[in-house]
>>> print(open('input-v7.tsv').read())   # TSV, C-alpha atoms
chain	number	residue	atom	x	y	z
A	489	MET	CA	-120.37	185.84	9.58
A	490	VAL	CA	-122.35	188.42	11.53
A	491	GLN	CA	-125.80	188.32	9.99
A	492	PRO	CA	-128.07	191.39	9.86
A	493	VAL	CA	-130.14	192.14	12.94
A	494	SER	CA	-132.38	189.16	13.72
A	495	THR	CA	-135.78	189.16	12.03
A	496	HIS	CA	-137.36	186.82	14.58
A	497	PRO	CA	-140.63	188.47	15.63
A	498	LEU	CA	-139.63	188.40	19.30
A	499	ALA	CA	-136.03	189.61	18.84
A	500	ALA	CA	-136.63	193.34	19.21
A	501	VAL	CA	-138.80	193.07	22.32
A	502	THR	CA	-136.46	190.51	23.85
A	503	ARG	CA	-133.49	192.81	23.33
A	504	ARG	CA	-135.33	195.72	24.88
A	505	PHE	CA	-136.20	193.47	27.84
A	506	CYS	CA	-132.46	192.74	28.23
A	507	GLY	CA	-131.51	196.42	27.95
A	508	LEU	CA	-129.88	195.95	24.55
A	509	PRO	CA	-130.17	197.97	21.33
A	510	ALA	CA	-132.86	196.61	19.03
A	511	THR	CA	-131.33	197.80	15.75
A	512	GLN	CA	-127.57	197.36	16.29
A	513	PRO	CA	-125.92	194.02	15.49
A	514	ILE	CA	-125.07	191.99	18.59
A	515	VAL	CA	-122.12	189.64	18.96
A	516	ALA	CA	-122.25	187.50	22.08
A	517	THR	CA	-120.50	184.82	24.04
A	518	GLY	CA	-121.10	183.48	27.50
A	519	HIS	CA	-119.83	181.58	30.48
A	520	GLN	CA	-120.32	181.10	34.16
A	521	PRO	CA	-119.15	184.12	36.21
A	522	VAL	CA	-115.75	182.66	37.07
A	523	LEU	CA	-112.23	183.91	36.50
A	524	PRO	CA	-111.42	183.05	32.89
A	525	HIS	CA	-108.51	180.95	31.75
A	526	PRO	CA	-106.95	181.75	28.33
A	527	GLY	CA	-109.29	179.36	26.50
A	528	ILE	CA	-112.29	181.28	27.83
A	529	LEU	CA	-110.64	184.66	27.33
A	530	ALA	CA	-110.17	183.77	23.67
A	531	LYS	CA	-113.96	183.84	23.19
A	532	TYR	CA	-114.22	187.39	24.52
A	533	ILE	CA	-111.28	188.53	22.40
A	534	MET	CA	-112.98	187.09	19.31
A	535	VAL	CA	-116.22	188.90	20.17
A	536	ASN	CA	-114.26	192.14	20.50
A	537	ARG	CA	-112.69	191.65	17.06
A	538	LEU	CA	-116.03	190.84	15.41
A	539	ALA	CA	-117.77	193.73	17.13
A	540	SER	CA	-115.08	196.14	15.97
A	541	THR	CA	-115.41	194.93	12.39
A	542	HIS	CA	-119.22	195.07	12.30
A	543	ALA	CA	-119.90	198.02	14.65
A	544	ALA	CA	-121.74	195.59	16.90
A	545	CYS	CA	-122.74	195.55	20.56
A	546	MET	CA	-120.77	193.09	22.71
A	547	VAL	CA	-122.80	190.86	25.03
A	548	ASN	CA	-121.68	188.53	27.79
A	549	ALA	CA	-124.33	185.94	28.59
A	550	VAL	CA	-123.68	185.33	32.28
A	551	VAL	CA	-124.69	181.79	33.19
A	552	ASP	CA	-125.77	182.64	36.73
A	553	THR	CA	-127.74	179.44	37.25
A	554	GLY	CA	-125.11	177.52	39.23
A	555	THR	CA	-125.01	176.79	42.95
A	556	GLY	CA	-121.40	175.93	43.80
A	557	PRO	CA	-118.68	178.16	45.30
A	558	LEU	CA	-117.49	181.10	43.21
A	559	GLY	CA	-114.50	182.22	45.26
A	560	HIS	CA	-112.30	179.12	44.94
A	561	PHE	CA	-109.15	179.86	42.98
A	562	ASP	CA	-106.42	177.34	42.07
A	563	VAL	CA	-102.84	178.58	42.04
A	564	PRO	CA	-99.63	176.78	40.97
A	565	CYS	CA	-97.80	177.18	44.27
A	566	GLY	CA	-95.91	174.21	45.65
A	567	GLY	CA	-97.74	171.13	44.43
A	568	GLY	CA	-100.87	173.17	43.72
A	569	HIS	CA	-103.02	175.15	46.11
A	570	THR	CA	-106.62	176.38	46.24
A	571	LEU	CA	-107.33	179.81	47.65
A	572	ASN	CA	-110.79	180.73	48.90
A	573	MET	CA	-111.27	184.39	48.13
A	574	LEU	CA	-114.77	184.79	49.61
A	575	ASP	CA	-116.85	184.11	52.70
A	576	GLU	CA	-119.84	183.03	50.67
A	577	GLY	CA	-123.16	181.39	51.36
A	578	THR	CA	-124.97	178.65	49.48
A	579	GLY	CA	-127.79	178.52	46.99
A	580	LEU	CA	-128.41	179.81	43.49
A	581	TRP	CA	-125.89	182.40	42.27
A	582	ALA	CA	-128.62	184.58	40.84
A	583	THR	CA	-130.27	185.02	44.25
A	584	ARG	CA	-127.43	184.35	46.69
A	585	ASP	CA	-126.21	187.40	48.60
A	586	ALA	CA	-122.88	188.90	47.63
A	587	ALA	CA	-119.99	187.63	49.74
A	588	ARG	CA	-117.39	189.32	51.89
A	589	VAL	CA	-113.98	189.30	50.23
A	590	ARG	CA	-111.39	187.64	52.44
A	591	PRO	CA	-108.06	189.28	53.27
A	592	LEU	CA	-105.44	187.85	50.96
A	593	GLN	CA	-103.27	185.09	52.44
A	594	MET	CA	-100.42	184.48	50.01
A	595	PRO	CA	-99.53	180.77	49.90
A	596	ALA	CA	-95.93	179.69	50.28
A	597	GLY	CA	-93.78	178.58	47.38
A	598	CYS	CA	-95.10	180.98	44.72
A	599	ALA	CA	-92.95	182.48	41.99
A	600	ALA	CA	-92.92	186.28	41.90
A	601	SER	CA	-95.04	186.35	38.72
A	602	ILE	CA	-97.65	184.10	40.35
A	603	GLU	CA	-97.75	186.29	43.46
A	604	GLN	CA	-98.44	189.29	41.23
A	605	GLY	CA	-101.29	187.41	39.53
A	606	ILE	CA	-102.82	186.44	42.86
A	607	GLN	CA	-102.72	190.08	43.94
A	608	GLU	CA	-104.49	191.08	40.72
A	609	VAL	CA	-107.23	188.54	41.39
A	610	SER	CA	-107.63	189.79	44.94
A	611	ALA	CA	-107.89	193.37	43.65
A	612	ALA	CA	-110.52	192.30	41.10
A	613	TRP	CA	-112.67	190.83	43.86
A	614	LEU	CA	-112.21	193.86	46.09
A	615	GLN	CA	-113.39	196.12	43.25
A	616	SER	CA	-116.41	193.99	42.40
A	617	LYS	CA	-119.83	195.26	43.41
A	618	GLY	CA	-123.30	193.78	43.29
A	619	GLU	CA	-126.18	192.74	45.50
A	620	THR	CA	-126.07	189.10	44.40
A	621	ALA	CA	-123.24	186.61	44.19
A	622	ALA	CA	-123.70	186.45	40.41
A	623	HIS	CA	-123.40	190.22	39.97
A	624	GLN	CA	-120.38	190.35	42.26
A	625	ALA	CA	-118.62	187.50	40.45
A	626	ALA	CA	-119.49	188.87	37.00
A	627	ALA	CA	-117.94	192.20	38.02
A	628	ALA	CA	-114.70	190.45	39.06
A	629	GLN	CA	-114.71	188.51	35.80
A	630	ALA	CA	-115.22	191.72	33.82
A	631	THR	CA	-112.22	193.33	35.53
A	632	VAL	CA	-110.01	190.45	34.39
A	633	ILE	CA	-111.38	190.44	30.83
A	634	ARG	CA	-111.47	194.20	30.21
A	635	PRO	CA	-107.75	194.83	29.46
A	636	TRP	CA	-107.85	192.27	26.66
A	637	ALA	CA	-111.38	192.40	25.25
A	638	GLY	CA	-113.09	195.57	26.45
A	639	SER	CA	-116.41	195.99	28.26
A	640	PHE	CA	-119.51	193.89	27.67
A	641	HIS	CA	-123.23	194.28	28.29
A	642	ASN	CA	-124.39	191.49	30.61
A	643	VAL	CA	-127.42	189.32	29.88
A	644	TRP	CA	-128.39	186.99	32.73
A	645	ALA	CA	-129.35	183.38	32.00
A	646	SER	CA	-131.64	183.38	35.05
A	647	GLN	CA	-133.79	186.11	33.43
A	648	LEU	CA	-134.18	184.61	29.97
A	649	LEU	CA	-137.40	182.72	30.69
A	650	ALA	CA	-139.03	185.99	31.75
A	651	ALA	CA	-138.03	187.63	28.45
A	652	PRO	CA	-140.54	187.50	25.57
A	653	ILE	CA	-138.63	184.71	23.83
A	654	GLY	CA	-138.54	182.69	27.07
A	655	VAL	CA	-142.25	183.19	27.70
A	656	ALA	CA	-142.93	181.89	24.18
A	657	VAL	CA	-140.86	178.76	24.84
A	658	LEU	CA	-142.66	178.03	28.10
A	659	HIS	CA	-146.05	178.36	26.33
A	660	ALA	CA	-144.83	175.98	23.63
A	661	MET	CA	-143.73	173.47	26.28
A	662	ARG	CA	-147.14	173.63	27.96
A	663	ASP	CA	-148.88	173.10	24.64
A	664	ASP	CA	-146.60	170.33	23.38
A	665	PRO	CA	-144.43	168.70	26.05
A	666	ALA	CA	-144.39	165.38	24.20
A	667	GLY	CA	-143.15	166.94	20.97
A	668	CYS	CA	-140.56	169.03	22.80
A	669	VAL	CA	-139.11	166.01	24.57
A	670	ALA	CA	-139.32	163.62	21.60
A	671	LEU	CA	-137.42	165.98	19.28
A	672	TYR	CA	-134.95	166.90	22.03
A	673	ASN	CA	-134.16	163.22	22.62
A	674	GLU	CA	-133.95	162.58	18.89
A	675	ALA	CA	-131.32	165.30	18.58
A	676	VAL	CA	-129.40	163.94	21.60
A	677	GLU	CA	-129.41	160.43	20.13
A	678	ALA	CA	-128.07	161.80	16.86
A	679	HIS	CA	-124.95	162.94	18.75
A	680	PRO	CA	-124.23	160.01	21.13
A	681	GLY	CA	-120.62	160.89	21.83
A	682	LEU	CA	-121.44	164.11	23.68
A	683	GLY	CA	-122.90	162.45	26.76
A	684	VAL	CA	-126.03	164.62	26.96
A	685	LYS	CA	-128.69	162.94	29.09
A	686	LEU	CA	-132.03	161.98	27.57
A	687	LEU	CA	-135.21	163.43	29.06
A	688	ARG	CA	-137.96	161.19	30.43
A	689	ALA	CA	-140.46	160.90	27.60
A	690	SER	CA	-143.49	159.37	29.32
A	691	GLY	CA	-145.71	160.14	32.29
A	692	ASP	CA	-144.65	163.46	33.77
A	693	PHE	CA	-142.33	164.57	30.96
A	694	GLU	CA	-138.92	165.94	31.92
A	695	LEU	CA	-138.05	169.24	30.25
A	696	PRO	CA	-134.75	171.04	29.46
A	697	LEU	CA	-135.32	173.25	32.50
A	698	TRP	CA	-134.13	173.42	36.08
A	699	VAL	CA	-136.48	173.90	38.99
A	700	VAL	CA	-135.02	175.42	42.14
A	701	SER	CA	-135.93	173.41	45.22
A	702	ASN	CA	-134.49	174.21	48.66
A	703	GLY	CA	-131.52	175.95	47.08
A	704	SER	CA	-130.62	173.07	44.76
A	705	LEU	CA	-131.37	172.39	41.10
A	706	GLN	CA	-133.47	169.50	39.82
A	707	THR	CA	-134.66	168.69	36.32
A	708	ALA	CA	-138.10	170.21	35.87
A	709	THR	CA	-141.13	168.29	34.63
A	710	ALA	CA	-144.27	169.32	32.76
A	711	GLN	CA	-146.09	169.73	36.08
A	712	ASP	CA	-143.53	172.32	37.18
A	713	LEU	CA	-144.65	174.61	34.34
A	714	ASP	CA	-147.81	175.36	36.29
A	715	VAL	CA	-146.29	175.69	39.77
A	716	GLY	CA	-142.60	176.52	39.15
A	717	GLY	CA	-142.99	180.15	38.15
A	718	ALA	CA	-139.86	182.12	38.99
A	719	ASN	CA	-138.19	178.92	40.20
A	720	LEU	CA	-137.73	177.70	36.63
A	721	LEU	CA	-134.39	178.19	34.88
A	722	PRO	CA	-133.16	177.18	31.41
A	723	LYS	CA	-130.66	174.36	31.09
A	724	ALA	CA	-127.60	174.85	28.90
A	725	LEU	CA	-129.07	173.93	25.49
A	726	LEU	CA	-132.20	176.00	26.03
A	727	THR	CA	-130.08	178.93	27.25
A	728	THR	CA	-128.07	179.04	24.03
A	729	ALA	CA	-131.23	178.51	21.97
A	730	LEU	CA	-132.85	181.61	23.46
A	731	LEU	CA	-129.66	183.63	23.07
A	732	ARG	CA	-128.97	182.62	19.49
A	733	VAL	CA	-132.56	183.01	18.32
A	734	ALA	CA	-133.56	186.36	19.83
A	735	VAL	CA	-130.54	188.06	21.44
A	736	ALA	CA	-127.43	187.60	19.31
A	737	ASP	CA	-126.70	187.99	15.62
A	738	HIS	CA	-123.51	185.98	16.04
A	739	PHE	CA	-122.42	183.78	18.95
A	740	VAL	CA	-118.86	182.76	19.81
A	741	HIS	CA	-118.49	179.35	21.45
A	742	GLY	CA	-115.65	177.28	22.79
A	743	ILE	CA	-115.07	173.71	21.63
A	744	GLY	CA	-117.65	172.19	23.95
A	745	GLY	CA	-120.31	174.78	23.22
A	746	CYS	CA	-119.96	174.31	19.46
A	747	ALA	CA	-120.42	170.57	19.80
A	748	TYR	CA	-123.42	170.78	22.14
A	749	ASP	CA	-125.12	173.41	20.03
A	750	GLU	CA	-125.35	170.95	17.14
A	751	ILE	CA	-127.90	169.17	19.32
A	752	MET	CA	-129.65	172.43	20.13
A	753	GLU	CA	-129.87	173.53	16.49
A	754	GLN	CA	-131.45	170.26	15.39
A	755	TRP	CA	-133.92	170.27	18.29
A	756	ILE	CA	-135.09	173.89	18.18
A	757	SER	CA	-135.41	174.01	14.40
A	758	ARG	CA	-137.44	170.79	14.17
A	759	TRP	CA	-139.61	171.56	17.19
A	760	LEU	CA	-140.36	175.28	16.76
A	761	GLY	CA	-138.96	176.06	13.32
A	762	TRP	CA	-136.57	178.62	14.77
A	763	THR	CA	-133.19	179.31	13.15
A	764	PRO	CA	-130.37	180.24	15.55
A	765	CYS	CA	-127.87	182.88	14.51
A	766	PRO	CA	-124.49	181.81	13.12
A	767	MET	CA	-121.78	180.76	15.55
A	768	SER	CA	-118.01	180.53	15.45
A	769	LEU	CA	-115.35	178.78	17.49
A	770	ALA	CA	-112.65	180.48	19.52
A	771	THR	CA	-110.29	178.67	21.84
A	772	ALA	CA	-106.67	178.72	22.94
A	773	THR	CA	-104.16	176.50	24.70
A	774	VAL	CA	-101.70	178.47	26.80
A	775	TYR	CA	-99.32	176.95	29.35
A	776	LEU	CA	-97.41	178.71	32.08
A	777	PRO	CA	-93.75	179.34	31.15
A	778	GLY	CA	-91.82	176.09	30.95
A	779	CYS	CA	-94.94	173.99	31.44
A	780	SER	CA	-95.91	172.81	27.98
A	781	PRO	CA	-96.00	169.00	27.67
A	782	ALA	CA	-92.87	169.05	25.50
A	783	GLU	CA	-90.98	171.22	27.98
A	784	LEU	CA	-92.05	169.08	30.94
A	785	ASP	CA	-91.08	165.87	29.14
A	786	SER	CA	-87.67	167.36	28.32
A	787	GLU	CA	-87.16	168.43	31.93
A	788	THR	CA	-88.05	164.97	33.25
A	789	GLN	CA	-85.78	163.30	30.71
A	790	ARG	CA	-82.86	165.52	31.78
A	791	ARG	CA	-83.43	164.54	35.40
A	792	VAL	CA	-83.63	160.85	34.49
A	793	LEU	CA	-80.37	161.06	32.57
A	794	LYS	CA	-78.66	162.82	35.47
A	795	LEU	CA	-79.90	160.12	37.86
A	796	ARG	CA	-78.62	157.31	35.62
A	797	ARG	CA	-75.23	158.97	35.26
A	798	LEU	CA	-74.93	159.41	39.02
A	799	GLN	CA	-75.91	155.80	39.58
A	800	HIS	CA	-73.33	154.50	37.14
A	801	ASP	CA	-70.62	157.10	37.71
A	802	PRO	CA	-71.07	158.53	41.25
A	803	LEU	CA	-68.07	160.84	41.01
A	804	GLY	CA	-69.15	162.27	37.64
A	805	ALA	CA	-71.67	164.76	39.14
A	806	GLY	CA	-74.22	163.71	36.55
A	807	LYS	CA	-72.15	164.97	33.62
A	808	VAL	CA	-71.84	163.29	30.24
A	809	ALA	CA	-68.06	162.88	30.43
A	810	LEU	CA	-66.70	160.04	32.54
A	811	SER	CA	-65.17	160.95	35.85
A	812	PRO	CA	-61.39	160.32	36.13
A	813	SER	CA	-62.13	157.58	38.68
A	814	LYS	CA	-64.47	155.64	36.40
A	815	ALA	CA	-62.23	156.14	33.39
A	816	ALA	CA	-59.28	154.73	35.34
A	817	THR	CA	-61.35	151.76	36.58
A	818	LEU	CA	-62.50	150.91	33.05
A	819	GLU	CA	-58.91	151.17	31.83
A	820	ARG	CA	-57.76	148.72	34.55
A	821	ILE	CA	-60.46	146.26	33.50
A	822	LYS	CA	-59.46	146.65	29.87
A	823	THR	CA	-55.72	146.20	30.45
A	824	ALA	CA	-55.82	143.52	33.18
A	825	GLY	CA	-53.39	140.74	32.28
A	826	SER	CA	-55.61	137.78	33.23
A	827	ALA	CA	-59.25	136.84	33.48
A	828	SER	CA	-59.07	136.78	37.28
A	829	ALA	CA	-57.53	140.24	37.36
A	830	ARG	CA	-60.28	141.56	35.07
A	831	ALA	CA	-62.92	139.91	37.26
A	832	GLU	CA	-61.40	141.45	40.38
A	833	ALA	CA	-61.30	144.91	38.83
A	834	PHE	CA	-64.88	144.51	37.59
A	835	ALA	CA	-66.08	143.43	41.04
A	836	THR	CA	-64.33	146.41	42.62
A	837	PHE	CA	-66.05	148.74	40.17
A	838	HIS	CA	-69.54	147.32	40.89
A	839	HIS	CA	-68.99	147.34	44.64
A	840	GLY	CA	-68.23	151.06	44.44
A	841	ARG	CA	-71.27	151.66	42.23
A	842	GLN	CA	-73.57	149.83	44.66
A	843	GLN	CA	-72.28	151.91	47.54
A	844	ALA	CA	-73.01	155.02	45.48
A	845	GLN	CA	-76.71	154.14	45.30
A	846	GLU	CA	-76.95	155.27	48.92
A	847	ALA	CA	-75.12	158.56	48.35
A	848	ALA	CA	-77.08	161.72	49.17
A	849	GLU	CA	-76.62	163.15	45.67
A	850	VAL	CA	-78.10	160.04	44.05
A	851	ALA	CA	-80.99	160.03	46.51
A	852	LYS	CA	-81.71	163.68	45.72
A	853	ALA	CA	-81.63	163.02	41.97
A	854	LEU	CA	-84.10	160.16	42.44
A	855	CYS	CA	-86.41	162.46	44.43
A	856	ASP	CA	-86.15	165.06	41.66
A	857	VAL	CA	-87.28	162.51	39.07
A	858	LYS	CA	-90.21	161.37	41.21
A	859	ALA	CA	-91.23	164.96	41.95
A	860	SER	CA	-91.07	165.89	38.28
A	861	ARG	CA	-93.35	163.01	37.33
A	862	ALA	CA	-95.77	163.61	40.20
A	863	ALA	CA	-96.16	167.33	39.46
A	864	ARG	CA	-96.54	166.93	35.72
A	865	ALA	CA	-100.34	166.86	35.62
A	866	SER	CA	-100.64	169.99	37.73
A	867	ARG	CA	-97.92	171.94	35.95
A	868	ALA	CA	-99.28	171.02	32.51
A	869	ARG	CA	-102.70	172.50	33.27
A	870	ARG	CA	-103.92	175.06	30.76
A	871	ASP	CA	-106.82	176.37	32.82
A	872	TRP	CA	-105.15	178.65	35.35
A	873	ALA	CA	-106.86	182.03	35.72
A	874	CYS	CA	-105.55	184.59	33.23
A	875	PRO	CA	-103.80	186.88	35.77
A	876	LEU	CA	-101.41	184.04	36.60
A	877	TYR	CA	-99.93	184.13	33.09
A	878	PRO	CA	-97.21	186.62	32.15
A	879	ARG	CA	-98.64	189.70	30.47
A	880	GLN	CA	-96.67	189.11	27.28
A	881	MET	CA	-98.32	185.70	26.85
A	882	LEU	CA	-101.78	187.26	27.05
A	883	GLU	CA	-100.69	190.02	24.67
A	884	SER	CA	-99.60	187.35	22.20
A	885	LEU	CA	-102.97	185.62	22.58
A	886	THR	CA	-104.80	188.89	21.95
A	887	ASN	CA	-102.71	189.68	18.89
A	888	ALA	CA	-103.45	186.24	17.43
A	889	PHE	CA	-107.06	187.22	16.70
>>> encode(input="input-v7.tsv", output="structure tokens")
Amino acid sequence: MVQPVSTHPLAAVTRRFCGLPATQPIVATGHQPVLPHPGILAKYIMVNRLASTHAACMVNAVVDTGTGPLGHFDVPCGGGHTLNMLDEGTGLWATRDAARVRPLQMPAGCAASIEQGIQEVSAAWLQSKGETAAHQAAAAQATVIRPWAGSFHNVWASQLLAAPIGVAVLHAMRDDPAGCVALYNEAVEAHPGLGVKLLRASGDFELPLWVVSNGSLQTATAQDLDVGGANLLPKALLTTALLRVAVADHFVHGIGGCAYDEIMEQWISRWLGWTPCPMSLATATVYLPGCSPAELDSETQRRVLKLRRLQHDPLGAGKVALSPSKAATLERIKTAGSASARAEAFATFHHGRQQAQEAAEVAKALCDVKASRAARASRARRDWACPLYPRQMLESLTNAF
């Protein structure tokens, strides 16, 4: 459900602060500014469908509060390979300088479709513009998303605390750090399976904020409210609280976001009495061609069967039917006139089979089985960047919504 435009008293001014329409419904989702895999893309497709139905504005909440590399890009070439697309610095994405895009070095062992996807990723980076690493990466992400979900207005997580709704939260934390932390921890403890860390609830209270120190992120404390200033950033649960209370009228989450926001909803409603907008779940599991678990299991089983047949019937080339040689040997064993003759024929058969264990074809089949098992985890990944998937698979994903 996309509810009417938020009636929270700070919604209109917060939306104007973010450059968004104050009277048009807003459907939002969000993620770090990385190349999306199909599960992430599904969220943006869902937002597009909801926005079309409700004549709403589409918003991408860019979580630009990370510090790691943005240009690393895994590709399914050989046993798996990581490309580094950027010569990038360190520090917070929101303030880090944009990086130089590296010339593309195509790794060896890539299928033609994968090479095409890598070239599309390289082109997306080359087209991306922005003064900061976050803006540059968000532009590359938008290029990948646009063919399937359209264009989004960006809202930056790093700017939310400066928005009217963020200023209100910081004032509330100054006035009531103990209540903020107690109700936050109570909500976390009500959902123990999610692994969210409790905040320190005595002395210098920890808060659901980051403070930037020497380019790294540390959990902020109540004392940081007075000295942190622009160095304060919202953690994940506070980020979605601000977005769902004063920015969006409907928010689309993935599986993890939906689960974690149960904590956020309990905390923010009991602490400040705020009601977040409705949310929905969108996700997808898409494997590269031939790489679903069932397909990989079937492939491995075929290789195991071929190996066993070669081991027990070396001249059979791994086929189901017995080779003429083995069929003749079994017939001699069956028709031998005495026990000693049968034993001799049986020993001859096993001697030949043991010699076959060293044959090159058997050794290759054994290597194929080992390679199939070793590569299974990598090949069964469902989080490759979208351009690496065949276009028809992404079209099918889009049409599913």
>>> residues_around(input="input-v7.tsv", residues="A:Leu854", least_positions_apart="5", cutoff="9 Å", atoms="all atoms listed in the file", output="list of chain:residue names")
A:Arg791, A:Val792, A:Leu795, A:Glu849, A:Ala859
>>> residues_around(input="input-v7.tsv", residues="A:Glu619", least_positions_apart="6", cutoff="12 Å", atoms="all atoms listed in the file", output="VMD selection string")
chain A and resid 581 to 588 625 to 627
>>> closest_residue(input="input-v7.tsv", among="A:Ile528, A:Val715, A:Val550, A:Val563", to="A:Gln604", atoms="all atoms listed in the file")
A:Val563
>>> residues_around(input="input-v7.tsv", residues="A:Asp749", least_positions_apart="4", cutoff="12 Å", atoms="all atoms listed in the file", output="ChimeraX atom specification")
/A:672,675-676,679,682,684,724-732,739-745,753-757,764-769
>>> closest_residue(input="input-v7.tsv", among="A:His542, A:His623, A:His659, A:His641", to="A:Pro521", atoms="all atoms listed in the file")
A:His623
>>> closest_residue(input="input-v7.tsv", among="A:Thr773, A:Ser639, A:Asn702, A:Thr570", to="A:Asn536", atoms="all atoms listed in the file")
A:Ser639
>>> build_atoms(input="input-v7.tsv", residues="stretch 771-777 of chain A", atoms="all heavy atoms", output="compact mmCIF listing (two decimals), in the frame of the given file")
# COMPACT_ATOMS: atom_id res chain seq x y z
N THR A 771 -110.89 179.35 20.70
CA THR A 771 -110.29 178.67 21.84
C THR A 771 -108.79 178.91 21.81
O THR A 771 -108.26 179.46 20.84
CB THR A 771 -110.59 177.16 21.83
OG1 THR A 771 -110.17 176.56 23.06
CG2 THR A 771 -109.89 176.47 20.67
N ALA A 772 -108.12 178.54 22.87
CA ALA A 772 -106.67 178.72 22.94
C ALA A 772 -106.10 177.76 23.97
O ALA A 772 -106.77 177.42 24.95
CB ALA A 772 -106.32 180.16 23.32
N THR A 773 -104.89 177.32 23.74
CA THR A 773 -104.16 176.50 24.70
C THR A 773 -102.89 177.26 25.08
O THR A 773 -102.02 177.47 24.24
CB THR A 773 -103.79 175.13 24.10
OG1 THR A 773 -105.01 174.43 23.79
CG2 THR A 773 -102.98 174.31 25.08
N VAL A 774 -102.84 177.70 26.33
CA VAL A 774 -101.70 178.47 26.80
C VAL A 774 -101.21 177.85 28.11
O VAL A 774 -102.00 177.66 29.04
CB VAL A 774 -102.07 179.95 27.03
CG1 VAL A 774 -100.84 180.74 27.48
CG2 VAL A 774 -102.67 180.57 25.77
N TYR A 775 -99.93 177.52 28.16
CA TYR A 775 -99.32 176.95 29.35
C TYR A 775 -98.48 178.01 30.06
O TYR A 775 -97.97 178.93 29.42
CB TYR A 775 -98.43 175.76 28.99
CG TYR A 775 -99.16 174.63 28.32
CD1 TYR A 775 -99.13 174.48 26.93
CD2 TYR A 775 -99.88 173.70 29.06
CE1 TYR A 775 -99.80 173.43 26.30
CE2 TYR A 775 -100.55 172.65 28.44
CZ TYR A 775 -100.50 172.53 27.06
OH TYR A 775 -101.18 171.50 26.44
N LEU A 776 -98.34 177.86 31.35
CA LEU A 776 -97.41 178.71 32.08
C LEU A 776 -96.00 178.50 31.54
O LEU A 776 -95.69 177.44 30.97
CB LEU A 776 -97.46 178.39 33.57
CG LEU A 776 -98.74 178.79 34.31
CD1 LEU A 776 -98.71 178.26 35.74
CD2 LEU A 776 -98.93 180.31 34.31
N PRO A 777 -95.11 179.47 31.69
CA PRO A 777 -93.75 179.34 31.15
C PRO A 777 -93.07 178.05 31.61
O PRO A 777 -93.08 177.71 32.80
CB PRO A 777 -93.03 180.57 31.71
CG PRO A 777 -94.11 181.58 31.90
CD PRO A 777 -95.32 180.79 32.34
